[in-house]
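Next up, query-v1.csv (CSV, C-alpha atoms):
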chain,number,residue,atom,x,y,z
A,1,MET,CA,25.6,3.4,-95.7
A,2,PRO,CA,26.9,6.2,-98.1
A,3,LEU,CA,23.5,7.9,-98.4
A,4,TYR,CA,21.3,8.4,-95.3
A,5,GLY,CA,17.7,9.6,-95.6
A,6,PRO,CA,15.9,9.0,-92.3
A,7,SER,CA,12.2,8.1,-92.9
A,8,THR,CA,10.6,10.5,-90.4
A,9,ALA,CA,13.1,13.3,-90.0
A,10,THR,CA,12.6,16.8,-91.5
A,11,ALA,CA,14.7,19.9,-92.0
A,12,THR,CA,13.9,23.6,-91.7
A,13,VAL,CA,16.1,26.5,-92.8
A,14,ALA,CA,15.4,30.2,-93.5
A,15,ALA,CA,16.6,31.7,-96.8
A,16,ASN,CA,20.1,33.1,-96.9
A,17,THR,CA,21.1,31.5,-93.6
A,18,ASN,CA,23.3,28.5,-92.8
A,19,VAL,CA,21.4,27.3,-89.6
A,20,VAL,CA,19.4,24.1,-90.3
A,21,THR,CA,17.0,22.8,-87.7
A,22,ILE,CA,16.6,18.9,-87.7
A,23,THR,CA,13.8,17.0,-86.0
A,24,GLY,CA,13.0,13.3,-85.9
A,25,MET,CA,16.5,11.8,-85.8
A,26,ASP,CA,19.4,11.3,-83.4
A,27,LEU,CA,22.3,13.5,-84.7
A,28,ASN,CA,24.7,11.8,-82.3
A,29,ALA,CA,24.6,8.5,-84.2
A,30,VAL,CA,25.5,9.4,-87.8
A,31,VAL,CA,26.0,13.1,-88.7
A,32,GLN,CA,29.6,14.5,-88.6
A,33,GLN,CA,31.4,17.6,-89.8
A,34,GLY,CA,32.5,17.2,-93.5
A,35,MET,CA,29.4,15.4,-94.7
A,36,THR,CA,26.9,17.0,-97.0
A,37,ILE,CA,23.1,17.6,-96.8
A,38,SER,CA,20.6,18.2,-99.6
A,39,PHE,CA,16.9,19.1,-99.3
A,40,GLY,CA,13.7,18.0,-100.9
A,41,ALA,CA,13.8,14.2,-100.9
A,42,ARG,CA,15.0,11.3,-98.9
A,43,ASP,CA,15.2,8.7,-101.6
A,44,ARG,CA,17.6,10.5,-104.0
A,45,ALA,CA,19.9,13.5,-104.1
A,46,VAL,CA,18.1,16.7,-105.3
A,47,GLY,CA,19.8,20.0,-106.1
A,48,ASP,CA,22.8,21.3,-104.3
A,49,ALA,CA,24.6,19.5,-101.5
A,50,TRP,CA,25.7,21.7,-98.7
A,51,ILE,CA,28.8,20.9,-96.6
A,52,ILE,CA,28.0,20.4,-92.9
A,53,ASN,CA,30.2,22.5,-90.7
A,54,THR,CA,29.0,21.9,-87.2
A,55,VAL,CA,26.6,19.4,-85.5
A,56,ILE,CA,24.7,20.4,-82.3
A,57,PRO,CA,22.5,17.5,-81.1
A,58,ASN,CA,19.4,18.2,-78.9
A,59,GLY,CA,19.2,15.0,-77.0
A,60,THR,CA,18.2,12.1,-79.2
A,61,ASN,CA,15.5,13.9,-81.2
A,62,GLY,CA,17.2,16.3,-83.7
A,63,GLY,CA,19.2,19.4,-83.1
A,64,THR,CA,20.9,22.0,-85.2
A,65,LEU,CA,23.4,21.9,-88.2
A,66,THR,CA,25.3,24.7,-89.7
A,67,THR,CA,26.6,24.6,-93.2
A,68,ALA,CA,29.8,26.1,-94.6
A,69,GLY,CA,27.9,28.5,-96.8
A,70,SER,CA,24.5,30.3,-96.7
A,71,ILE,CA,21.5,28.5,-98.3
A,72,PRO,CA,19.6,30.9,-100.6
A,73,THR,CA,16.3,29.0,-100.6
A,74,ALA,CA,14.1,28.6,-97.6
A,75,TYR,CA,12.9,25.0,-96.6
A,76,ASN,CA,10.2,24.3,-94.1
A,77,SER,CA,9.9,20.8,-92.6
A,78,VAL,CA,11.1,19.1,-95.7
A,79,PRO,CA,12.7,15.6,-96.2
A,80,PHE,CA,16.5,15.6,-96.7
A,81,LEU,CA,19.4,13.3,-97.6
A,82,ILE,CA,22.8,13.2,-95.9
A,83,ASP,CA,25.7,12.0,-98.1
A,84,THR,CA,28.5,10.4,-96.0
A,85,ARG,CA,30.8,9.7,-98.9
A,86,GLY,CA,32.7,13.0,-98.5
A,87,PHE,CA,33.3,12.5,-94.8
A,88,ASN,CA,37.1,12.6,-94.2
A,89,GLY,CA,37.5,11.9,-98.0
A,90,THR,CA,36.4,8.2,-98.2
A,91,ASP,CA,33.6,5.8,-97.3
A,92,SER,CA,36.1,3.6,-95.4
A,93,SER,CA,37.1,6.4,-93.1
A,94,PHE,CA,33.5,7.0,-92.2
A,95,ALA,CA,33.0,3.3,-91.5
A,96,ALA,CA,36.0,3.3,-89.3
A,97,ALA,CA,34.7,6.3,-87.4
A,98,VAL,CA,31.3,4.6,-86.9
A,99,SER,CA,33.1,1.4,-85.7
A,100,LEU,CA,35.1,3.4,-83.2
A,101,LYS,CA,32.0,5.1,-81.9
A,102,LEU,CA,30.3,1.8,-81.5
A,103,LEU,CA,33.2,0.4,-79.5
A,104,ALA,CA,33.3,3.4,-77.3
A,105,THR,CA,29.5,3.0,-76.6
A,106,LEU,CA,30.0,-0.7,-75.7
A,107,SER,CA,32.9,0.2,-73.5
A,108,THR,CA,30.8,2.7,-71.7
A,109,LEU,CA,27.8,0.4,-71.4
A,110,LEU,CA,29.8,-2.4,-70.0
A,111,GLY,CA,31.9,-0.2,-67.7
A,112,THR,CA,31.5,0.3,-64.0
A,113,ALA,CA,29.4,3.5,-64.4
A,114,THR,CA,27.2,3.8,-67.5
A,115,ASN,CA,26.2,7.3,-68.5
A,116,LEU,CA,23.3,6.8,-70.8
A,117,PHE,CA,23.2,10.3,-72.1
A,118,ALA,CA,25.9,12.9,-72.0
A,119,GLY,CA,23.7,16.0,-72.3
A,120,SER,CA,22.8,18.3,-69.5
A,121,ARG,CA,20.5,15.7,-67.9
A,122,GLN,CA,22.3,12.4,-67.2
A,123,LEU,CA,21.1,8.9,-66.3
A,124,VAL,CA,23.9,6.8,-64.8
A,125,LEU,CA,23.8,3.0,-64.1
A,126,ASP,CA,26.3,2.5,-61.3
A,127,LYS,CA,27.1,-1.2,-61.0
A,128,VAL,CA,29.9,-1.3,-58.5
A,129,ALA,CA,29.3,1.5,-56.0
A,130,SER,CA,30.5,0.4,-52.6
A,131,THR,CA,27.3,1.4,-50.9
A,132,ALA,CA,24.9,-0.2,-53.3
A,133,ILE,CA,24.3,-3.5,-55.1
A,134,GLY,CA,22.5,-1.7,-57.9
A,135,ARG,CA,22.1,2.0,-58.5
A,136,ILE,CA,20.5,4.4,-61.0
A,137,ALA,CA,21.6,8.0,-60.6
A,138,PHE,CA,20.0,11.2,-62.0
A,139,ALA,CA,22.2,14.2,-62.6
A,140,ILE,CA,22.1,17.6,-64.3
A,141,ALA,CA,25.3,19.0,-65.7
A,142,GLY,CA,27.3,16.7,-63.6
A,143,ARG,CA,25.5,17.6,-60.3
A,144,THR,CA,23.8,14.5,-58.8
A,145,TRP,CA,20.2,15.2,-57.7
A,146,GLY,CA,18.8,11.7,-56.9
A,147,ASP,CA,19.1,8.0,-57.3
A,148,PHE,CA,17.5,4.6,-56.8
A,149,ALA,CA,19.8,2.3,-54.8
A,150,GLN,CA,19.5,-1.3,-53.6
A,151,ARG,CA,21.7,-1.8,-50.6
A,152,SER,CA,22.1,-3.5,-47.2
A,153,PHE,CA,20.8,-1.3,-44.5
A,154,ALA,CA,22.3,-1.7,-41.0
A,155,TYR,CA,20.5,-0.6,-37.9
A,156,THR,CA,20.2,-1.3,-34.1
A,157,PRO,CA,16.7,-1.1,-32.6
A,158,THR,CA,16.6,0.6,-29.2
A,159,GLY,CA,17.1,-2.2,-26.6
A,160,GLY,CA,17.7,-4.8,-29.4
A,161,GLN,CA,20.5,-6.4,-31.4
A,162,ALA,CA,22.3,-5.0,-34.5
A,163,ALA,CA,20.5,-6.2,-37.7
A,164,THR,CA,20.6,-5.7,-41.4
A,165,ALA,CA,17.9,-5.5,-44.0
A,166,GLU,CA,18.0,-5.5,-47.8
A,167,THR,CA,16.4,-2.3,-49.0
A,168,LEU,CA,15.5,-0.3,-52.0
A,169,ALA,CA,15.8,3.4,-51.6
A,170,VAL,CA,14.8,6.6,-53.4
A,171,ARG,CA,17.5,9.0,-52.3
A,172,ALA,CA,17.9,12.8,-52.6
A,173,PHE,CA,21.2,14.6,-52.7
A,174,PRO,CA,20.4,18.1,-51.2
A,175,ASP,CA,24.1,19.1,-51.4
A,176,GLY,CA,24.9,17.2,-54.5
A,177,ALA,CA,27.1,14.7,-52.7
A,178,THR,CA,25.5,13.3,-49.6
A,179,PRO,CA,22.4,11.0,-50.1
A,180,THR,CA,19.3,11.1,-47.9
A,181,ASP,CA,16.8,8.3,-48.0
A,182,ALA,CA,13.5,9.9,-49.1
A,183,ILE,CA,11.7,6.5,-49.4
A,184,LEU,CA,13.2,3.3,-47.9
A,185,VAL,CA,11.6,0.0,-48.7
A,186,ASN,CA,12.4,-3.1,-46.6
A,187,LEU,CA,12.6,-5.8,-49.3
A,188,ALA,CA,12.2,-8.6,-46.8
A,189,THR,CA,8.9,-7.3,-45.4
A,190,GLY,CA,7.6,-4.8,-47.9
A,191,GLY,CA,7.5,-2.1,-45.2
A,192,VAL,CA,8.1,1.5,-46.2
A,193,ASP,CA,9.7,4.4,-44.3
A,194,THR,CA,9.4,7.9,-45.7
A,195,LEU,CA,11.1,11.2,-44.9
A,196,ALA,CA,8.5,13.7,-43.9
A,197,THR,CA,9.8,17.2,-44.3
A,198,GLU,CA,7.9,20.4,-43.4
A,199,SER,CA,6.9,23.5,-45.3
A,200,PHE,CA,5.8,26.9,-44.0
A,201,MET,CA,2.6,28.5,-45.3
A,202,GLN,CA,0.8,31.7,-44.4
A,203,ALA,CA,-2.8,31.6,-43.2
A,204,ALA,CA,-5.2,32.8,-45.9
A,205,SER,CA,-8.6,32.1,-47.4
A,206,MET,CA,-7.0,29.2,-49.3
A,207,VAL,CA,-4.0,27.4,-47.9
A,208,ASP,CA,-2.9,25.1,-50.7
A,209,LEU,CA,-1.5,22.2,-48.7
A,210,GLY,CA,-0.7,20.2,-51.8
A,211,SER,CA,1.3,22.9,-53.5
A,212,ALA,CA,4.5,21.9,-51.6
A,213,PRO,CA,6.2,18.4,-51.8
A,214,ASP,CA,6.2,18.1,-48.0
A,215,MET,CA,4.0,15.9,-45.8
A,216,LYS,CA,4.0,18.4,-42.8
A,217,THR,CA,2.8,22.0,-43.0
A,218,PHE,CA,3.3,24.8,-40.5
A,219,ILE,CA,0.5,27.4,-40.9
A,220,ASN,CA,1.6,30.8,-39.7
A,221,GLY,CA,-0.6,33.7,-38.7
A,222,SER,CA,-4.3,34.1,-38.1
A,223,SER,CA,-7.0,34.2,-40.8
A,224,THR,CA,-10.2,32.6,-41.9
A,225,ILE,CA,-9.4,29.4,-43.9
A,226,SER,CA,-12.1,28.1,-46.2
A,227,SER,CA,-10.0,25.7,-48.4
A,228,PHE,CA,-6.9,23.6,-48.3
A,229,GLY,CA,-6.5,23.8,-52.1
A,230,PRO,CA,-7.4,21.5,-55.1
A,231,ALA,CA,-4.8,18.8,-54.6
A,232,LYS,CA,-6.2,15.3,-54.9
A,233,ASN,CA,-5.4,12.2,-52.8
A,234,LYS,CA,-2.9,13.9,-50.5
A,235,VAL,CA,-2.3,13.5,-46.8
A,236,ARG,CA,-0.9,16.3,-44.7
A,237,PHE,CA,0.0,16.8,-41.0
A,238,VAL,CA,-0.7,20.5,-40.0
A,239,ILE,CA,0.2,22.6,-37.0
A,240,PHE,CA,-1.1,26.1,-36.4
A,241,SER,CA,0.8,29.1,-34.8
A,242,GLY,CA,-2.2,31.3,-34.3
A,243,SER,CA,-6.0,31.6,-34.1
A,244,CYS,CA,-7.5,30.7,-37.4
A,245,THR,CA,-11.1,30.0,-38.2
A,246,LEU,CA,-11.6,26.8,-40.2
A,247,VAL,CA,-14.9,27.0,-42.1
A,248,HIS,CA,-16.7,23.7,-42.5
A,249,SER,CA,-18.0,23.0,-46.0
A,250,SER,CA,-18.2,20.3,-48.6
A,251,ALA,CA,-14.7,21.3,-49.7
A,252,LEU,CA,-13.3,21.3,-46.1
A,253,ILE,CA,-15.1,18.7,-44.0
A,254,LEU,CA,-14.4,19.2,-40.3
A,255,PRO,CA,-14.9,16.6,-37.5
A,256,THR,CA,-17.6,18.6,-35.7
A,257,PHE,CA,-19.4,19.5,-39.0
A,258,SER,CA,-19.0,23.1,-37.9
A,259,SER,CA,-16.4,25.7,-37.9
A,260,ILE,CA,-13.3,25.4,-35.6
A,261,VAL,CA,-11.3,28.3,-34.1
A,262,THR,CA,-7.7,27.0,-33.8
A,263,GLN,CA,-5.4,27.7,-30.9
A,264,PRO,CA,-1.6,28.1,-31.1
A,265,GLY,CA,-0.1,24.6,-31.2
A,266,ASP,CA,-3.3,22.8,-32.4
A,267,THR,CA,-2.6,20.0,-34.9
A,268,LEU,CA,-4.6,18.1,-37.4
A,269,ILE,CA,-4.3,15.3,-40.0
A,270,ALA,CA,-6.1,16.0,-43.3
A,271,ALA,CA,-6.6,13.9,-46.4
A,272,SER,CA,-8.0,14.9,-49.8
A,273,GLY,CA,-10.1,12.7,-52.0
A,274,PRO,CA,-10.1,12.1,-55.7
A,275,ASP,CA,-12.4,15.1,-56.1
A,276,GLY,CA,-10.0,17.4,-54.3
A,277,ALA,CA,-12.2,17.9,-51.2
A,278,TRP,CA,-10.3,17.7,-47.9
A,279,ARG,CA,-11.5,15.9,-44.8
A,280,VAL,CA,-9.9,16.5,-41.4
A,281,ARG,CA,-9.4,13.0,-40.1
A,282,HIS,CA,-8.1,14.0,-36.7
A,283,TYR,CA,-7.9,17.2,-34.7
A,284,GLN,CA,-5.9,17.7,-31.5
A,285,ARG,CA,-6.1,20.8,-29.2
A,286,SER,CA,-2.8,21.9,-27.8
A,287,SER,CA,-4.5,22.0,-24.4
A,288,GLY,CA,-5.5,18.4,-24.7
A,289,LYS,CA,-9.2,19.2,-24.4
A,290,ALA,CA,-11.8,17.9,-26.8
A,291,LEU,CA,-13.4,20.1,-29.5
A,292,VAL,CA,-16.8,19.4,-27.9
A,293,ALA,CA,-17.1,18.8,-24.1
A,294,PRO,CA,-18.5,15.3,-23.5
A,295,SER,CA,-21.9,15.0,-21.8
A,296,ALA,CA,-22.3,13.6,-18.3
A,297,THR,CA,-23.5,10.4,-19.7
A,298,GLU,CA,-20.6,10.2,-22.1
A,299,GLN,CA,-18.2,10.7,-19.2
A,300,GLY,CA,-19.8,7.7,-17.4
A,301,TYR,CA,-22.1,9.5,-15.0
A,302,VAL,CA,-25.4,7.7,-14.3
A,303,GLY,CA,-28.4,9.5,-13.1
A,304,ASN,CA,-29.1,13.2,-12.7
A,305,ALA,CA,-30.7,15.8,-10.4
A,306,GLY,CA,-34.1,14.7,-11.4
A,307,THR,CA,-33.5,11.2,-10.0
A,308,ASN,CA,-31.7,12.4,-6.9
A,309,HIS,CA,-28.6,10.2,-7.5
A,310,VAL,CA,-25.5,10.1,-9.6
A,311,THR,CA,-22.7,7.4,-10.1
A,312,LEU,CA,-19.2,8.6,-11.1
A,313,PRO,CA,-17.0,6.7,-13.5
A,314,ASN,CA,-15.0,5.2,-10.6
A,315,GLY,CA,-18.2,3.8,-9.1
A,316,LEU,CA,-18.6,6.3,-6.3
A,317,ARG,CA,-22.4,7.0,-5.8
A,318,MET,CA,-24.0,10.0,-4.3
A,319,GLN,CA,-27.8,10.2,-3.4
A,320,TRP,CA,-29.8,12.9,-1.8
A,321,GLY,CA,-33.3,14.0,-0.8
A,322,LEU,CA,-35.6,16.2,1.3
A,323,TYR,CA,-37.9,14.5,3.9
A,324,ALA,CA,-40.8,16.3,5.5
A,325,GLY,CA,-43.3,14.6,7.8
A,326,PRO,CA,-44.2,13.8,11.4
A,327,LEU,CA,-41.5,14.0,14.0
A,328,ASP,CA,-41.6,10.2,14.6
A,329,ASP,CA,-38.5,8.2,13.7
A,330,VAL,CA,-38.8,7.1,10.0
A,331,VAL,CA,-37.0,4.8,7.6
A,332,VAL,CA,-35.9,6.7,4.5
A,333,LEU,CA,-35.3,4.6,1.3
A,334,PHE,CA,-32.5,5.5,-1.1
A,335,PRO,CA,-33.6,6.3,-4.7
A,336,ILE,CA,-31.4,3.3,-5.7
A,337,ALA,CA,-29.5,0.8,-3.7
A,338,PHE,CA,-25.7,1.1,-3.1
A,339,ASN,CA,-23.7,-1.8,-4.6
A,340,ALA,CA,-21.1,-2.4,-1.8
A,341,THR,CA,-21.1,0.0,1.1
A,342,VAL,CA,-22.4,3.3,2.5
A,343,LEU,CA,-19.5,5.6,3.5
A,344,SER,CA,-21.4,8.6,4.9
A,345,ILE,CA,-24.9,9.9,5.5
A,346,SER,CA,-25.5,13.5,6.7
A,347,ALA,CA,-28.8,15.3,7.6
A,348,THR,CA,-29.5,19.0,7.9
A,349,PRO,CA,-32.7,20.5,9.3
A,350,TYR,CA,-34.5,22.7,6.8
A,351,ARG,CA,-36.4,25.3,8.9
A,352,ASP,CA,-36.4,29.0,9.9
A,353,LEU,CA,-35.8,28.9,13.7
A,354,GLY,CA,-37.9,31.0,16.0
A,355,PHE,CA,-37.0,32.6,19.4
A,356,ASN,CA,-35.9,30.0,22.0
A,357,GLU,CA,-36.4,27.2,19.4
A,358,ILE,CA,-33.9,24.3,18.9
A,359,VAL,CA,-34.1,21.6,16.3
A,360,SER,CA,-31.9,18.5,15.8
A,361,CYS,CA,-31.8,15.4,13.6
A,362,ALA,CA,-29.8,12.1,13.5
A,363,VAL,CA,-29.3,9.1,11.3
A,364,SER,CA,-28.8,5.5,12.3
A,365,THR,CA,-29.4,1.9,11.2
A,366,GLN,CA,-28.0,2.3,7.7
A,367,THR,CA,-28.2,-0.4,5.1
A,368,LEU,CA,-27.5,-0.5,1.3
A,369,THR,CA,-31.1,0.4,0.7
A,370,SER,CA,-32.2,2.7,3.6
A,371,PHE,CA,-31.4,4.5,6.8
A,372,ARG,CA,-33.3,5.6,10.0
A,373,LEU,CA,-33.9,9.3,10.4
A,374,SER,CA,-34.7,10.8,13.9
A,375,ARG,CA,-35.8,14.5,14.4
A,376,ARG,CA,-36.5,16.6,17.5
A,377,ALA,CA,-37.7,20.2,18.1
A,378,PHE,CA,-37.7,22.1,21.4
A,379,THR,CA,-39.2,25.5,22.3
A,380,SER,CA,-38.1,27.0,25.7
A,381,GLY,CA,-36.6,23.7,26.6
A,382,GLN,CA,-39.8,21.7,26.0
A,383,PRO,CA,-40.5,19.2,23.2
A,384,ALA,CA,-42.6,21.0,20.5
A,385,PRO,CA,-44.7,19.4,17.8
A,386,VAL,CA,-43.4,21.5,14.9
A,387,ASP,CA,-43.1,20.7,11.2
A,388,LEU,CA,-39.4,19.8,10.5
A,389,ALA,CA,-38.1,19.1,7.1
A,390,VAL,CA,-34.6,17.6,6.6
A,391,TRP,CA,-32.1,17.6,3.7
A,392,TRP,CA,-30.0,14.4,3.6
A,393,LEU,CA,-26.9,13.3,1.6
A,394,ALA,CA,-25.5,9.7,1.3
A,395,ILE,CA,-22.2,8.7,-0.3
A,396,GLY,CA,-21.0,5.2,-1.0
A,397,TYR,CA,-20.2,2.5,-3.6
Reformat the file's structure so that it appears as structure tokens.
Amino acid sequence: MPLYGPSTATATVAANTNVVTITGMDLNAVVQQGMTISFGARDRAVGDAWIINTVIPNGTNGGTLTTAGSIPTAYNSVPFLIDTRGFNGTDSSFAAAVSLKLLATLSTLLGTATNLFAGSRQLVLDKVASTAIGRIAFAIAGRTWGDFAQRSFAYTPTGGQAATAETLAVRAFPDGATPTDAILVNLATGGVDTLATESFMQAASMVDLGSAPDMKTFINGSSTISSFGPAKNKVRFVIFSGSCTLVHSSALILPTFSSIVTQPGDTLIAASGPDGAWRVRHYQRSSGKALVAPSATEQGYVGNAGTNHVTLPNGLRMQWGLYAGPLDDVVVLFPIAFNATVLSISATPYRDLGFNEIVSCAVSTQTLTSFRLSRRAFTSGQPAPVDLAVWWLAIGY
């Protein structure tokens, strides 16, 4: 390959300079110091040939060349031809150099740790790491930032036996050396464990929950919050340090469909949809109380003051009434029957007493549906036919 004219590559150089910008080819593969470059065509040598002095690749897509002398004519994105015949004096020396580079590449590829690119960003295939069956590492300038690792994961469940699971992990290296499992997949079951870190944000009109790569968010301060930001298809766990007003809207849908004033320590779980609107899926008061107090019926109470009876969630039933009529003994019916037993019945006269006047009442003969009420009135020690009303209260199950 004495002449090399890449089919898509172009060269650009300003007049009276020696810096040539190449795009569209891998300078690592062919170009070496001592070769020559000519501009204007890629199927034949045209004009002067300029000796290449230095080669500075930019990844695998071009880079920069410098020539031994200044080029008087400007060229802008033109085809070019590289002549390898002058490299180290002979074509055979170039062929030998290419062969050595190929052998070095194969040795690296088949070695224990393959560095696929030796630029500032590195991708490494680690095939014999002691803690992994297979591993792909990502590094920048020699500093490892993350990797994919398949390995056996040993664990002991609380109260259980030691066990191992084959796993695939996405790992981070916060200090450049020690890996932390960010995502851990149990390959036997497909289960996934994730590392949920926390970010801190200040309360404001818009708190952009999706702006930080953390599942948990601590919102500090007190403010009116109208939006959780434009992020789509995100889930966040949020805790509040102060009293904020969350404003219900189509962009921030709250459980009560109305605004919520937070209390320190309140938590919520929010998820955004494909349109970026957030919905609070769960809200928990730090006090343990509900956002909206349940009604008596929702708490399990049956009946109300209008029906003169109520049944509590534990089955305890209370009934009451006011009886007014002749002083003769009467049978009073309960508004509804007790289910099992009557624990207590009390009666209280309802009358303004006059001078030398005494009134009394008593209950007896109780059943699940009724009781007997007796009333007496005395004036100056003698029975008196007075109007005597009685409040009564019965408790049972």
Considering all atoms listed in the file, return as a list in words whatever protein or nucleic-acid residues lie within 8 Å of Leu65 in chain A, sequence-local ones (same chain, fewer than 5 positions apart) excluded.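 That gives Val19, Val20, Thr21, Ile22, Ile52, Asn53, Thr54, Val55 and Ile56 of chain A.
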Closest to Ala196 in chain A among A:Pro213, A:Pro264, A:Gly242, A:Pro179, using all atoms listed in the file? A:Pro213
Do you know which residues are at most 12 Å from Ala271 in chain A counting all atoms listed in the file, after dropping those on the same chain fewer than 2 positions away, and could you put them as a PDB file with C-alpha atoms, keeping the file's coordinate frame?
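This is the output file selection01.pdb:
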ATOM      1  CA  LEU A 209      -1.500  22.200 -48.700  1.00  0.00           C
ATOM      2  CA  GLY A 210      -0.700  20.200 -51.800  1.00  0.00           C
ATOM      3  CA  MET A 215       4.000  15.900 -45.800  1.00  0.00           C
ATOM      4  CA  PHE A 228      -6.900  23.600 -48.300  1.00  0.00           C
ATOM      5  CA  GLY A 229      -6.500  23.800 -52.100  1.00  0.00           C
ATOM      6  CA  PRO A 230      -7.400  21.500 -55.100  1.00  0.00           C
ATOM      7  CA  ALA A 231      -4.800  18.800 -54.600  1.00  0.00           C
ATOM      8  CA  LYS A 232      -6.200  15.300 -54.900  1.00  0.00           C
ATOM      9  CA  ASN A 233      -5.400  12.200 -52.800  1.00  0.00           C
ATOM     10  CA  LYS A 234      -2.900  13.900 -50.500  1.00  0.00           C
ATOM     11  CA  VAL A 235      -2.300  13.500 -46.800  1.00  0.00           C
ATOM     12  CA  ARG A 236      -0.900  16.300 -44.700  1.00  0.00           C
ATOM     13  CA  PHE A 237       0.000  16.800 -41.000  1.00  0.00           C
ATOM     14  CA  VAL A 238      -0.700  20.500 -40.000  1.00  0.00           C
ATOM     15  CA  ALA A 251     -14.700  21.300 -49.700  1.00  0.00           C
ATOM     16  CA  LEU A 252     -13.300  21.300 -46.100  1.00  0.00           C
ATOM     17  CA  ILE A 253     -15.100  18.700 -44.000  1.00  0.00           C
ATOM     18  CA  LEU A 254     -14.400  19.200 -40.300  1.00  0.00           C
ATOM     19  CA  LEU A 268      -4.600  18.100 -37.400  1.00  0.00           C
ATOM     20  CA  ILE A 269      -4.300  15.300 -40.000  1.00  0.00           C
ATOM     21  CA  GLY A 273     -10.100  12.700 -52.000  1.00  0.00           C
ATOM     22  CA  PRO A 274     -10.100  12.100 -55.700  1.00  0.00           C
ATOM     23  CA  ASP A 275     -12.400  15.100 -56.100  1.00  0.00           C
ATOM     24  CA  GLY A 276     -10.000  17.400 -54.300  1.00  0.00           C
ATOM     25  CA  ALA A 277     -12.200  17.900 -51.200  1.00  0.00           C
ATOM     26  CA  TRP A 278     -10.300  17.700 -47.900  1.00  0.00           C
ATOM     27  CA  ARG A 279     -11.500  15.900 -44.800  1.00  0.00           C
ATOM     28  CA  VAL A 280      -9.900  16.500 -41.400  1.00  0.00           C
ATOM     29  CA  ARG A 281      -9.400  13.000 -40.100  1.00  0.00           C
ATOM     30  CA  HIS A 282      -8.100  14.000 -36.700  1.00  0.00           C
TER      31      HIS A 282
END
Using only C-alpha atoms, which residue out of A:Ala270, A:Ser258, A:Gly47, A:Thr64 lies closest to Leu27 in chain A?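 Of A:Ala270, A:Ser258, A:Gly47, A:Thr64, the one nearest Leu27 in chain A is A:Thr64, counting only C-alpha atoms.
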Given all atoms listed in the file as the basis, pick out the residue of A:Ile219, A:Ala389, A:Ala177, A:Ile51 nearest to Ile239 in chain A.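 Checking each of A:Ile219, A:Ala389, A:Ala177, A:Ile51 against Ile239 in chain A, counting all atoms listed in the file, the winner is A:Ile219.
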For Arg376 in chain A, which residue among A:Trp391, A:Tyr323, A:Ala169, A:Pro349 is the nearest when counting all atoms listed in the file?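 Among A:Trp391, A:Tyr323, A:Ala169, A:Pro349, it is A:Pro349 that comes nearest to Arg376 in chain A.
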For range 73-84 of chain A, list every protein, DNA or RNA residue within 6 Å, evaluated using all atoms listed in the file, and leave out those in the same chain fewer than 4 positions away; present the list as a VMD selection string. chain A and resid 2 to 5 10 to 15 35 to 42
Distance query Val170 in chain A at most 12 Å, all atoms listed in the file, self and fewer than 6 positions along chain excluded, as a list in words: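 Residues near the query, excluding close chain neighbours: Arg135, Ile136, Ala137, Phe138, Trp145, Gly146, Asp147, Phe148, Ala149, Gln150, Arg151, Pro179, Thr180, Asp181, Ala182, Ile183, Leu184, Val185, Val192, Asp193, Thr194 and Leu195 of chain A.
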One number please: CA of Met25 in chain A to CA of Ala139 in chain A, in Å, one decimal. 24.0 Å
Using only C-alpha atoms: which of A:Thr256, A:Thr267, A:Asn16, A:Thr60 has the shortest distance to Lys216 in chain A: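 Residue with the minimum atom-to-atom distance to Lys216 in chain A: A:Thr267.
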